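J.: Contents are mmCIF, C-alpha atoms and all ligand atoms; file name data21.cif:
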data_work
#
loop_
_atom_site.label_atom_id
_atom_site.label_comp_id
_atom_site.auth_asym_id
_atom_site.auth_seq_id
_atom_site.Cartn_x
_atom_site.Cartn_y
_atom_site.Cartn_z
CA MET A 97 -6.45 9.02 28.03
CA ALA A 98 -3.81 7.89 25.54
CA ALA A 99 -4.90 6.85 22.03
CA GLN A 100 -5.47 3.19 21.26
CA LEU A 101 -2.78 1.73 18.97
CA ILE A 102 -3.91 0.28 15.65
CA GLU A 103 -1.61 -2.71 15.46
CA GLY A 104 -0.84 -3.17 11.77
CA LYS A 105 1.36 -6.19 12.32
CA LYS A 106 -1.36 -8.08 14.23
CA ILE A 107 -4.12 -7.20 11.74
CA SER A 108 -1.79 -8.06 8.88
CA ASP A 109 -1.06 -11.49 10.39
CA GLU A 110 -4.81 -12.19 10.70
CA ILE A 111 -5.42 -11.31 7.03
CA ARG A 112 -2.41 -13.39 5.91
CA GLU A 113 -3.89 -16.41 7.69
CA GLU A 114 -7.18 -15.87 5.81
CA ILE A 115 -5.26 -15.64 2.52
CA ARG A 116 -3.27 -18.79 3.32
CA VAL A 117 -6.47 -20.76 3.99
CA GLU A 118 -8.12 -19.52 0.79
CA THR A 119 -4.96 -20.26 -1.21
CA ALA A 120 -4.96 -23.86 0.03
CA ALA A 121 -8.58 -24.24 -1.12
CA LEU A 122 -7.67 -22.76 -4.50
CA ALA A 123 -4.67 -25.10 -4.82
CA ALA A 124 -7.07 -28.01 -4.36
CA LYS A 125 -8.77 -26.76 -7.55
CA GLY A 126 -5.39 -26.75 -9.33
CA VAL A 127 -4.73 -22.98 -9.18
CA ILE A 128 -1.57 -21.70 -7.48
CA PRO A 129 -1.45 -17.87 -7.34
CA GLY A 130 1.82 -16.61 -8.85
CA LEU A 131 3.62 -13.29 -8.31
CA ALA A 132 6.57 -11.94 -10.29
CA VAL A 133 8.53 -9.12 -8.65
CA VAL A 134 11.05 -7.09 -10.63
CA LEU A 135 13.80 -5.10 -8.91
CA VAL A 136 16.10 -2.86 -10.92
CA GLY A 137 19.27 -1.65 -9.18
CA ASP A 138 20.38 -2.13 -5.61
CA ASP A 139 18.58 0.38 -3.45
CA PRO A 140 19.01 -1.16 0.03
CA ALA A 141 15.42 -0.49 1.22
CA SER A 142 13.95 -1.87 -2.03
CA ARG A 143 16.07 -5.02 -1.67
CA VAL A 144 14.60 -5.56 1.80
CA TYR A 145 11.00 -4.99 0.61
CA VAL A 146 11.44 -7.36 -2.33
CA GLY A 147 12.89 -10.01 0.00
CA SER A 148 9.87 -9.58 2.29
CA LYS A 149 7.51 -10.01 -0.68
CA GLU A 150 9.27 -13.22 -1.73
CA LYS A 151 9.07 -14.55 1.85
CA ALA A 152 5.37 -13.63 2.15
CA CYS A 153 4.63 -15.50 -1.11
CA GLY A 154 6.27 -18.60 0.37
CA GLN A 155 4.19 -18.28 3.55
CA MET A 156 0.96 -17.92 1.54
CA GLY A 157 1.70 -20.96 -0.64
CA PHE A 158 2.12 -18.85 -3.78
CA TYR A 159 4.44 -19.45 -6.70
CA SER A 160 6.90 -16.56 -6.93
CA GLU A 161 9.76 -15.40 -9.05
CA VAL A 162 12.03 -12.42 -8.43
CA HIS A 163 13.95 -10.75 -11.24
CA ARG A 164 16.89 -8.80 -9.81
CA LEU A 165 18.24 -6.67 -12.67
CA PRO A 166 21.35 -4.47 -12.68
CA GLU A 167 21.07 -0.67 -12.26
CA GLN A 168 22.16 -0.15 -15.92
CA THR A 169 19.26 -2.21 -17.31
CA LYS A 170 17.81 -0.47 -20.37
CA GLN A 171 14.13 0.50 -20.41
CA GLU A 172 13.56 -1.72 -23.49
CA GLU A 173 14.99 -4.72 -21.62
CA LEU A 174 12.65 -4.10 -18.69
CA LEU A 175 9.66 -3.68 -21.03
CA ALA A 176 10.58 -6.92 -22.81
CA LEU A 177 10.60 -8.77 -19.46
CA ILE A 178 7.18 -7.30 -18.60
CA ASP A 179 5.82 -8.48 -21.99
CA LYS A 180 7.09 -11.97 -21.22
CA LEU A 181 5.52 -11.95 -17.74
CA ASN A 182 2.23 -10.62 -19.15
CA ALA A 183 2.07 -13.76 -21.31
CA GLN A 184 3.28 -16.24 -18.67
CA SER A 185 0.42 -18.41 -17.36
CA THR A 186 2.04 -19.22 -13.97
CA VAL A 187 2.21 -15.49 -13.15
CA HIS A 188 -1.03 -13.77 -12.08
CA GLY A 189 0.54 -10.65 -10.59
CA ILE A 190 3.43 -8.45 -11.73
CA LEU A 191 5.08 -5.85 -9.52
CA VAL A 192 7.97 -3.58 -10.47
CA GLN A 193 9.56 -2.26 -7.30
CA LEU A 194 9.71 1.54 -7.08
CA PRO A 195 11.65 3.77 -7.23
CA LEU A 196 13.24 2.90 -10.57
CA PRO A 197 16.64 4.22 -11.68
CA LYS A 198 16.37 7.73 -13.17
CA HIS A 199 16.98 6.66 -16.80
CA ILE A 200 13.80 4.52 -16.78
CA GLU A 201 10.43 6.21 -17.27
CA GLU A 202 8.15 4.96 -14.50
CA LYS A 203 4.94 5.66 -16.42
CA ALA A 204 6.04 3.62 -19.46
CA VAL A 205 6.77 0.66 -17.19
CA ILE A 206 3.50 0.84 -15.23
CA ASP A 207 1.49 1.23 -18.46
CA ALA A 208 3.15 -1.90 -19.90
CA ILE A 209 1.84 -4.20 -17.14
CA SER A 210 -1.32 -6.07 -18.11
CA VAL A 211 -4.26 -4.57 -16.16
CA ASP A 212 -5.34 -8.10 -15.17
CA LYS A 213 -1.94 -8.63 -13.49
CA ASP A 214 -1.57 -5.10 -12.06
CA VAL A 215 -1.31 -6.14 -8.39
CA ASP A 216 0.15 -2.74 -7.47
CA GLY A 217 -3.04 -1.09 -8.78
CA PHE A 218 -0.96 1.70 -10.37
CA HIS A 219 -2.06 1.21 -14.02
CA PRO A 220 -4.20 4.11 -15.37
CA ILE A 221 -7.10 1.70 -16.04
CA SER A 222 -6.93 0.39 -12.45
CA THR A 223 -6.91 4.02 -11.25
CA GLY A 224 -9.91 4.81 -13.45
CA ASN A 225 -11.81 1.80 -12.08
CA LEU A 226 -11.00 2.92 -8.55
CA VAL A 227 -12.40 6.40 -9.24
CA ILE A 228 -15.64 5.17 -10.84
CA GLY A 229 -16.08 2.50 -8.16
CA ASP A 230 -15.68 -0.54 -10.43
CA ASP A 231 -14.07 -3.68 -9.07
CA SER A 232 -10.31 -3.45 -9.57
CA LEU A 233 -7.00 -4.35 -7.97
CA LEU A 234 -6.50 -1.58 -5.41
CA PRO A 235 -3.16 0.07 -4.64
CA CYS A 236 -1.72 -1.75 -1.64
CA THR A 237 -0.82 1.00 0.84
CA PRO A 238 -4.13 2.90 0.42
CA ALA A 239 -6.14 -0.35 0.60
CA GLY A 240 -4.16 -1.37 3.69
CA SER A 241 -4.88 1.97 5.38
CA ILE A 242 -8.64 1.54 4.86
CA GLU A 243 -8.53 -2.10 6.00
CA LEU A 244 -6.81 -1.04 9.25
CA ILE A 245 -9.62 1.42 9.98
CA LYS A 246 -12.36 -1.10 9.16
CA ARG A 247 -10.83 -4.00 11.09
CA THR A 248 -10.47 -1.75 14.16
CA GLY A 249 -14.26 -1.50 14.01
CA ILE A 250 -14.38 2.18 13.09
CA ASP A 251 -17.28 3.20 10.85
CA ILE A 252 -16.04 5.44 8.03
CA ALA A 253 -19.43 6.44 6.57
CA GLY A 254 -20.40 10.03 7.31
CA LYS A 255 -17.07 10.87 8.94
CA HIS A 256 -14.96 13.83 7.89
CA ALA A 257 -11.69 12.41 6.56
CA VAL A 258 -8.75 14.69 5.87
CA VAL A 259 -5.90 13.36 3.74
CA ILE A 260 -2.59 15.23 3.90
CA GLY A 261 -0.65 14.48 0.70
CA ARG A 262 -1.76 14.11 -2.92
CA SER A 263 0.64 11.61 -4.48
CA ASN A 264 -0.69 9.28 -7.19
CA ILE A 265 0.46 6.29 -5.15
CA VAL A 266 -1.06 7.12 -1.74
CA GLY A 267 -2.81 10.49 -1.23
CA LYS A 268 -5.16 10.48 -4.22
CA PRO A 269 -6.15 6.77 -4.08
CA VAL A 270 -6.68 6.83 -0.30
CA ALA A 271 -8.95 9.87 -0.73
CA MET A 272 -10.95 7.97 -3.39
CA LEU A 273 -11.24 4.89 -1.18
CA LEU A 274 -12.47 7.00 1.75
CA LEU A 275 -15.05 8.56 -0.59
CA ARG A 276 -16.12 5.06 -1.68
CA GLU A 277 -16.65 4.29 2.02
CA ASN A 278 -18.95 7.35 2.19
CA ALA A 279 -16.65 9.66 4.14
CA THR A 280 -16.66 13.39 3.45
CA VAL A 281 -13.14 13.90 2.16
CA THR A 282 -10.80 16.90 2.17
CA VAL A 283 -7.36 16.64 0.54
CA CYS A 284 -4.60 18.95 1.80
CA HIS A 285 -1.23 19.49 0.12
CA SER A 286 1.86 21.69 0.09
CA ARG A 287 -0.12 24.73 -1.16
CA THR A 288 -3.02 24.36 1.30
CA GLN A 289 -3.47 27.37 3.55
CA GLY A 290 -4.40 26.89 7.20
CA MET A 291 -3.71 23.16 7.02
CA ALA A 292 -3.62 22.58 10.78
CA ASP A 293 -7.08 24.19 11.18
CA ILE A 294 -8.48 21.94 8.41
CA ALA A 295 -6.80 18.81 9.76
CA LYS A 296 -8.13 19.57 13.22
CA GLN A 297 -11.68 19.12 11.88
CA ALA A 298 -10.94 15.54 10.84
CA ASP A 299 -12.55 12.50 12.44
CA ILE A 300 -10.09 10.47 10.34
CA LEU A 301 -6.70 11.96 9.49
CA VAL A 302 -4.50 10.18 6.94
CA VAL A 303 -0.98 11.55 6.54
CA ALA A 304 1.23 10.70 3.56
CA ILE A 305 3.78 13.46 2.96
CA GLY A 306 7.14 11.76 3.48
CA LYS A 307 8.42 14.22 6.12
CA ALA A 308 9.44 12.78 9.46
CA THR A 309 7.31 13.89 12.47
CA ALA A 310 5.94 16.91 10.56
CA ILE A 311 2.38 16.55 11.86
CA GLY A 312 2.09 17.50 15.50
CA ALA A 313 -0.65 17.87 18.11
CA GLU A 314 -1.98 21.09 16.54
CA TYR A 315 -3.29 19.03 13.56
CA VAL A 316 -5.30 16.54 15.58
CA LYS A 317 -8.87 16.75 16.92
CA PRO A 318 -9.34 15.04 20.28
CA GLY A 319 -10.45 11.44 19.67
CA ALA A 320 -9.52 11.42 15.94
CA VAL A 321 -8.31 8.32 14.09
CA VAL A 322 -4.77 9.05 12.84
CA ILE A 323 -3.32 6.88 10.06
CA ASP A 324 0.36 7.56 9.51
CA VAL A 325 1.49 6.33 6.08
CA GLY A 326 5.00 7.84 6.29
CA ILE A 327 8.06 5.65 6.72
CA ASN A 328 11.13 7.87 7.11
CA ARG A 329 14.62 6.63 7.94
CA LEU A 330 16.27 9.02 10.49
CA PRO A 331 20.04 9.73 10.56
CA ASP A 332 20.39 7.40 13.59
CA GLY A 333 18.91 4.56 11.49
CA LYS A 334 15.56 4.50 13.34
CA LEU A 335 12.22 4.78 11.52
CA ALA A 336 9.74 7.61 12.06
CA GLY A 337 6.35 8.32 10.57
CA ASP A 338 5.10 11.64 9.21
CA VAL A 339 3.21 12.11 12.48
CA ASP A 340 4.88 13.16 15.72
CA PHE A 341 3.69 10.02 17.49
CA GLU A 342 4.52 11.08 21.07
CA ALA A 343 2.81 14.48 20.66
CA VAL A 344 -0.34 13.02 19.10
CA LEU A 345 -0.73 10.00 21.41
CA PRO A 346 -2.45 11.88 24.28
CA ILE A 347 -4.93 13.59 21.90
CA ALA A 348 -5.98 11.04 19.23
CA GLY A 349 -8.51 8.26 19.79
CA TYR A 350 -6.59 5.79 17.62
CA VAL A 351 -3.17 6.01 16.01
CA THR A 352 -1.01 3.76 13.82
CA PRO A 353 2.61 3.34 14.97
CA VAL A 354 5.68 3.43 12.70
CA PRO A 355 7.03 0.82 12.36
CA GLY A 356 4.24 -1.73 12.75
CA GLY A 357 1.30 0.27 11.39
CA VAL A 358 0.48 0.74 7.72
CA GLY A 359 3.83 -0.70 6.49
CA PRO A 360 3.10 -4.40 7.13
CA MET A 361 -0.32 -4.01 5.47
CA THR A 362 1.30 -3.01 2.15
CA ILE A 363 2.73 -6.48 1.56
CA THR A 364 -0.39 -8.21 2.92
CA MET A 365 -2.60 -6.30 0.46
CA LEU A 366 -0.19 -7.33 -2.30
CA MET A 367 -0.78 -10.96 -1.33
CA GLN A 368 -4.54 -10.34 -1.34
CA ASN A 369 -4.35 -8.73 -4.80
CA THR A 370 -2.31 -11.65 -6.17
CA LEU A 371 -4.90 -14.12 -4.89
CA LYS A 372 -7.69 -11.99 -6.35
CA ALA A 373 -5.90 -11.70 -9.72
CA ALA A 374 -5.39 -15.48 -9.87
CA LYS A 375 -9.08 -16.10 -9.15
CA ARG A 376 -10.20 -13.59 -11.77
CA ILE A 377 -7.84 -14.91 -14.44
CA HIS A 378 -9.14 -18.45 -13.79
CA GLY A 379 -12.77 -17.29 -13.69
CA ILE A 380 -13.25 -18.22 -10.03
CA GLY A 381 -15.74 -15.92 -8.23
CA GLU A 382 -15.37 -14.27 -4.82
N1 LIG B 1 5.94 -1.16 -6.70
C1 LIG B 1 5.89 -0.66 -5.47
N2 LIG B 1 6.95 -0.02 -4.97
C2 LIG B 1 6.87 0.50 -3.71
C3 LIG B 1 5.72 0.32 -2.91
C4 LIG B 1 4.61 -0.35 -3.48
O1 LIG B 1 3.52 -0.49 -2.85
N3 LIG B 1 4.74 -0.84 -4.75
N4 LIG B 1 5.70 0.76 -1.59
C5 LIG B 1 6.93 1.19 -0.96
C6 LIG B 1 7.77 0.12 -0.33
N5 LIG B 1 7.07 -1.04 0.21
C7 LIG B 1 6.68 -2.00 -0.65
O2 LIG B 1 7.11 -2.12 -1.75
C8 LIG B 1 6.99 -1.26 1.62
C9 LIG B 1 7.32 -0.29 2.53
C10 LIG B 1 7.30 -0.57 3.91
C11 LIG B 1 6.94 -1.81 4.37
C12 LIG B 1 6.99 -2.17 5.82
O3 LIG B 1 6.57 -3.23 6.19
N6 LIG B 1 7.55 -1.32 6.67
C13 LIG B 1 7.79 -1.65 8.04
C14 LIG B 1 9.20 -1.23 8.40
C15 LIG B 1 10.23 -1.97 7.61
C16 LIG B 1 11.65 -1.43 7.84
O4 LIG B 1 12.20 -1.71 8.89
O5 LIG B 1 12.15 -0.74 6.92
C17 LIG B 1 6.81 -0.93 8.95
O6 LIG B 1 6.36 0.17 8.59
O7 LIG B 1 6.53 -1.47 10.03
C18 LIG B 1 6.60 -2.77 3.47
C19 LIG B 1 6.61 -2.50 2.10
C20 LIG B 1 7.82 1.90 -1.97
N7 LIG B 1 7.93 1.16 -3.19
#
As a first step, turn the structure in this file into structure tokens.
Ligand SMILES: Nc1nc2c(c(=O)[nH]1)N[C@@H](CN(C=O)c1ccc(C(=O)N[C@@H](CCC(=O)O)C(=O)O)cc1)CN2
T.:
Amino acid sequence: MAAQLIEGKKISDEIREEIRVETAALAAKGVIPGLAVVLVGDDPASRVYVGSKEKACGQMGFYSEVHRLPEQTKQEELLALIDKLNAQSTVHGILVQLPLPKHIEEKAVIDAISVDKDVDGFHPISTGNLVIGDDSLLPCTPAGSIELIKRTGIDIAGKHAVVIGRSNIVGKPVAMLLLRENATVTVCHSRTQGMADIAKQADILVVAIGKATAIGAEYVKPGAVVIDVGINRLPDGKLAGDVDFEAVLPIAGYVTPVPGGVGPMTITMLMQNTLKAAKRIHGIGE
């Protein structure tokens, strides 16, 4: 039997409706969540993602501002803008779209964002809180991946989860979140030997390596939950995940498509983080 699709777009729409309702209740108390997005340069994909974030803010009832800066922007200018946004009371969340131009040091920029407004969850203190299990703003793509599994009704506790990829932005945080959900977690990477044999033991397989269709049927245990985090643009303009979707479909129990899987959850989790940041800054409990 073919795997069941985990429909990221549908789940994302449901969560956005919940956020919209909660935002309206918050507005009645005089608090409007505010997000500032900063884009440096004109990478076409980044421009699209930033536009989608601005649109989502409008749909949620958030205040938003987008700072589109030229490619040649100096690091000091960007840091000065972040300082200003850190102090601005209408802004509860700050996001600097990645990747940044090569002359700007990504770490310096992430470190400059106030932890309270770190809606990307990339700040070292947010990462530390994630590891020790303290409440923090969680990185959006990893949080979205976990939410997809949970909202499909799959119990994570006690399952063997294998994560392929160890980036700071997806692989490591998703492994930590799976651990927090009481999975037994194995992380595989470019130097792992016998990766297919390890992956084939997974009840939950999360793939985040940035290589189109690299993970085929030989990596998947029958009935496994496969979460494909990859979004790769092919030469013909189409999108493909890191998983060979057609090959895996007859074997897996559940699989996320690309597009329409994890991708839409990234922006939805950003909206959720912005709402959470606004509530925390205004001392409003969960
Ligand atoms: N500061 C950040 N930069 C980047 C992040 C991030 O979380 N924070 N993630 C990615 C880009 N990204 C959001 O910024 C993002 C990627 C993909 C999608 C999405 O909805 N994808 C769709 C397909 C869209 C398309 O046609 O291209 C899907 O998978 O269905 C949303 C957001 C890198 N930078």
J.: Could you name the residues that touch Cys153 (chain A) at 10 Å or less, counting only C-alpha atoms, but leaving out those on the same chain fewer than 6 positions away, as number ranges by chain?
T.: A: 116, 129-131, 147, 159-161, 363-364, 366-367, 370
J.: Counting all atoms listed in the file, figure out which residue out of A:His378, A:Arg247, A:Arg329, A:Lys213 gets nearest to ligand LIG 1 (chain B).
T.: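 So, comparing all the options, the nearest one is A:Arg329.
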J.: Excluding region 270-276 of chain A and any residue of its chain fewer than 6 positions from it, enumerate the residues within 12 Å of it, using only C-alpha atoms, and give them as a PyMOL selection string.
T.: chain A and resi 223-232+234-243+245-246+251-264+282-284+300-304+323+325
J.: Hey, which residues sit close to ligand LIG 1 (chain B)? Say within 10 Å, counting only C-alpha atoms and all ligand atoms, and write them as a ChimeraX atom specification.
T.: /A:103-105,133-135,140-149,190-196,206,215-218,235-238,265-266,324-329,333-337,352-366
J.: Write out as a VMD selection string which residues come within 9 Å of Pro318 (chain A) when counting only C-alpha atoms, dropping same-chain ones fewer than 5 positions away.
T.: chain A and resid 296 299 346 to 349
J.: Looking at all atoms listed in the file, which of A:Lys372, A:Arg112, A:His285, A:Lys170 is the one that sits closest to Asp214 (chain A)?
T.: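 When distances to Asp214 (chain A) are compared using all atoms listed in the file, the smallest one comes from A:Lys372.
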J.: What separation in Å, quoted to one decimal, exists between CA of Ala373 (chain A) and CA of Thr248 (chain A)?
T.: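 Separation of CA of Ala373 (chain A) and CA of Thr248 (chain A): 26.3 Å.
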J.: To one decimal in Å, tell me the separation between CA of Ile377 (chain A) and CA of Asp212 (chain A).
T.: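 Distance between the two atoms: 7.3 Å.
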J.: Please indicate the distance in Å from CA of Ser185 (chain A) to CA of Pro269 (chain A), rounded to one decimal place.
T.: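 CA of Pro269 (chain A) lies at a distance of 29.2 Å from CA of Ser185 (chain A).
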J.: Calculated over all atoms listed in the file, which of the candidates A:Met156, A:Ile311, A:Ile250, A:Ala298 has the smallest distance to Ile115 (chain A)?
T.: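 Answer, going by the shortest atom-to-atom distance: A:Met156.
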